[in-house]
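Chemist: There's a structure below that I have some questions on.
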Amino acid sequence: MAVTDDESDRRFATTLARGLAVLRAFRPSDDGLGNAEISERTGIPKSTVSRLTFTLQALGYLNHARRRDRYRPGPALLALGNIASSSISFVELSGSIMQRLADETGTLALLLVRDDNKLLIVKTWRPRNVSSLWLEVGHRLPFNGSSSGHALLAAMSEEIFARTVANVAGDRGLTPERAQEIRKDAYSQLVTRGFVIADPKEYFAANIHAVAKPFHSRDLSEPVVFTCGAMPEDLSLERMRDEVGPRLSEAVQELERIMGQGSAIAMRS
């Protein structure tokens, strides 16, 4: 992973960053993680990981439930997540809007944020009485080859875009030049039709079709992205373009009106 300007700053707390990297190593599908697995996922030496996991367990951010050789997220981490979700006003306000969108389009609606070199799903709204994608909170998507990633790259400021590309470079063959191409194309899509659809031939997963639109809350220093997705047989390119994309764009615009703010593209600088 590339060293960012922040990491070279003398104010940067490396131990804290490593502790947070340990917490971010966990995935929803994990049945706990041992120190060796955490070390492999984070690149942090196992001896250092053992000290970090011991400390995080002592503070309640990890626990040893059931199998004592494997760590799991602890109650303090759950409390911290709930506090963050409650303090960022648009998350709660978007709930009814996105659930209605999911129900009316029969798609899985998602809220994703940038998380190091991936996008992290932090909220899902499943359509009622309709089977939907298996994607869950905590799942990570790549920037390259996902409508969500392309939309977010388009809405970032130049500073955050440069930092993100430095972190993501090489993931799924993403080069700085390709990132600029994605950013330009996605920006054009947002300006002309209000949403982004990545070329299905470039999708990271052949069994997912998705359309995305960024949102930039004043509560946050960078944009997030709302996405609607489904299996290709349920969400064709034509349906994304003619029905679901416009509905998603309208839903995010409704949220922007409620928040009394402009679009993510208008706020890009």
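Ordering of the structure tokens sets the chain letters (A, B, ...), residue numbers begin anew at 1 in every chain, and ligands are numbered from 1 in the order given.
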Excluding Glu238 (chain A) and its own-chain neighbours fewer than 4 positions away, which residues fall within 12 Å of it when counting only C-alpha atoms? Please give them as a PyMOL selection string.
Modeler: chain A and resi 197+200+209-211+232-234+242-246
Chemist: Looking only at the backbone, which of the residues in region 40-264 of chain A does DSSP tag as strand (DSSP E), as a ChimeraX atom specification?
Modeler: /A:62-63,72-73,108-115,118-125,140-141,209-215,224-230
Chemist: Can I get the selection written as a compact mmCIF listing (two decimals), in the first residue's frame, with N, CA and C atoms?
Modeler:
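Everything below was put into selection-v1.txt:
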```txt
# COMPACT_ATOMS: atom_id res chain seq x y z
N LEU A 62 -13.02 -5.91 20.84
CA LEU A 62 -12.99 -7.28 20.37
C LEU A 62 -13.38 -8.19 21.53
N ASN A 63 -13.85 -9.38 21.20
CA ASN A 63 -14.09 -10.35 22.27
C ASN A 63 -13.70 -11.74 21.80
N ARG A 72 -13.64 -11.71 17.71
CA ARG A 72 -14.83 -11.21 17.01
C ARG A 72 -15.07 -9.76 17.46
N PRO A 73 -15.79 -8.97 16.63
CA PRO A 73 -16.11 -7.61 17.06
C PRO A 73 -16.84 -7.62 18.40
N LEU A 108 -31.99 -4.30 -4.53
CA LEU A 108 -31.33 -4.08 -3.25
C LEU A 108 -30.72 -2.69 -3.27
N ALA A 109 -31.13 -1.83 -2.35
CA ALA A 109 -30.57 -0.48 -2.25
C ALA A 109 -29.45 -0.50 -1.21
N LEU A 110 -28.37 0.20 -1.53
CA LEU A 110 -27.17 0.18 -0.69
C LEU A 110 -26.66 1.59 -0.43
N LEU A 111 -26.01 1.75 0.71
CA LEU A 111 -25.22 2.95 1.00
C LEU A 111 -23.79 2.49 1.21
N LEU A 112 -22.86 3.07 0.45
CA LEU A 112 -21.45 2.69 0.53
C LEU A 112 -20.58 3.90 0.81
N VAL A 113 -19.46 3.66 1.50
CA VAL A 113 -18.49 4.70 1.80
C VAL A 113 -17.10 4.22 1.40
N ARG A 114 -16.20 5.16 1.20
CA ARG A 114 -14.80 4.79 0.92
C ARG A 114 -14.18 4.22 2.19
N ASP A 115 -13.51 3.09 2.03
CA ASP A 115 -12.83 2.46 3.16
C ASP A 115 -11.48 1.95 2.68
N LYS A 118 -11.10 0.15 -0.85
CA LYS A 118 -12.36 -0.46 -1.28
C LYS A 118 -13.53 0.46 -0.93
N LEU A 119 -14.71 0.05 -1.36
CA LEU A 119 -15.94 0.67 -0.89
C LEU A 119 -16.59 -0.29 0.09
N LEU A 120 -17.08 0.24 1.19
CA LEU A 120 -17.68 -0.57 2.25
C LEU A 120 -19.18 -0.34 2.29
N ILE A 121 -19.95 -1.43 2.26
CA ILE A 121 -21.40 -1.32 2.41
C ILE A 121 -21.71 -1.08 3.89
N VAL A 122 -22.38 0.02 4.19
CA VAL A 122 -22.70 0.35 5.58
C VAL A 122 -24.20 0.29 5.86
N LYS A 123 -25.02 0.19 4.81
CA LYS A 123 -26.47 0.12 5.01
C LYS A 123 -27.09 -0.57 3.80
N THR A 124 -28.08 -1.43 4.05
CA THR A 124 -28.81 -2.07 2.96
C THR A 124 -30.31 -1.95 3.22
N TRP A 125 -31.06 -1.87 2.13
CA TRP A 125 -32.52 -1.88 2.19
C TRP A 125 -33.00 -2.94 1.20
N ARG A 140 -17.21 -5.53 0.97
CA ARG A 140 -16.41 -4.51 0.28
C ARG A 140 -16.44 -4.72 -1.23
N LEU A 141 -16.55 -3.63 -1.96
CA LEU A 141 -16.56 -3.65 -3.41
C LEU A 141 -15.34 -2.90 -3.94
N HIS A 209 -25.73 -6.51 -11.51
CA HIS A 209 -25.90 -5.28 -12.27
C HIS A 209 -26.29 -4.18 -11.28
N ALA A 210 -25.75 -2.99 -11.47
CA ALA A 210 -26.01 -1.93 -10.50
C ALA A 210 -25.94 -0.56 -11.15
N VAL A 211 -26.68 0.36 -10.57
CA VAL A 211 -26.66 1.76 -10.96
C VAL A 211 -26.42 2.57 -9.68
N ALA A 212 -25.65 3.66 -9.78
CA ALA A 212 -25.22 4.38 -8.57
C ALA A 212 -25.31 5.89 -8.74
N LYS A 213 -25.44 6.55 -7.60
CA LYS A 213 -25.45 8.02 -7.57
C LYS A 213 -24.78 8.49 -6.28
N PRO A 214 -23.84 9.43 -6.37
CA PRO A 214 -23.17 9.92 -5.16
C PRO A 214 -24.02 10.91 -4.39
N PHE A 215 -23.69 11.05 -3.12
CA PHE A 215 -24.36 12.02 -2.24
C PHE A 215 -23.29 12.60 -1.33
N VAL A 224 -20.44 10.04 -0.35
CA VAL A 224 -20.77 8.62 -0.24
C VAL A 224 -21.56 8.26 -1.50
N VAL A 225 -22.02 7.03 -1.61
CA VAL A 225 -22.76 6.66 -2.81
C VAL A 225 -23.93 5.75 -2.47
N PHE A 226 -25.08 6.04 -3.11
CA PHE A 226 -26.26 5.18 -3.02
C PHE A 226 -26.32 4.36 -4.30
N THR A 227 -26.70 3.09 -4.16
CA THR A 227 -26.69 2.16 -5.29
C THR A 227 -27.92 1.27 -5.26
N CYS A 228 -28.42 0.92 -6.43
CA CYS A 228 -29.45 -0.11 -6.57
C CYS A 228 -28.88 -1.25 -7.40
N GLY A 229 -29.03 -2.48 -6.93
CA GLY A 229 -28.47 -3.61 -7.64
C GLY A 229 -29.38 -4.81 -7.64
N ALA A 230 -29.17 -5.68 -8.61
CA ALA A 230 -29.94 -6.93 -8.71
C ALA A 230 -29.23 -7.86 -9.67
```
Chemist: How many Å lie between CA of Asn207 (chain A) and CA of Gly138 (chain A), rounded to one decimal?
Modeler: 19.1 Å
Chemist: Work out how far CA of Ala264 (chain A) is from CA of Ser89 (chain A), in Å to one decimal.
Modeler: 16.4 Å
Chemist: Kindly indicate which residue among A:Thr14, A:Ser85, A:Thr105, A:Thr48 lies nearest to Leu248 (chain A), using only C-alpha atoms for the distances.
Modeler: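 Selected residue with least distance to Leu248 (chain A): A:Thr105.
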Chemist: Name the residues of region 80-237 of chain A that come out as helix (DSSP H, G or I) in a backbone DSSP run; write them as a ChimeraX atom specification.
Modeler: /A:80-87,89-105,147-155,158-168,171-173,176-193,200-202,237
Chemist: Excluding same-chain residues fewer than 2 positions from Leu20 (chain A), what lies within 12 Å of it counting only C-alpha atoms, as a list in words?
Modeler: Ala13, Thr14, Thr15, Leu16, Ala17, Arg18, Val22, Leu23, Arg24, Ala25, Phe26, Ile38, Thr42, Ile44, Val49, Leu52, Thr53, Thr55, Leu56, Tyr61, Leu62, Leu77, Asp115 and Asp116 of chain A
Chemist: Using only C-alpha atoms, which residues sit within 9 Å of region 259-261 of chain A once same-chain residues fewer than 5 positions away are excluded, as a list in words?
Modeler: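 Neighbouring residues, sequence-local ones excluded: Ser89, Phe90, Leu93, His216, Ser217, Arg218 and Glu254 of chain A.
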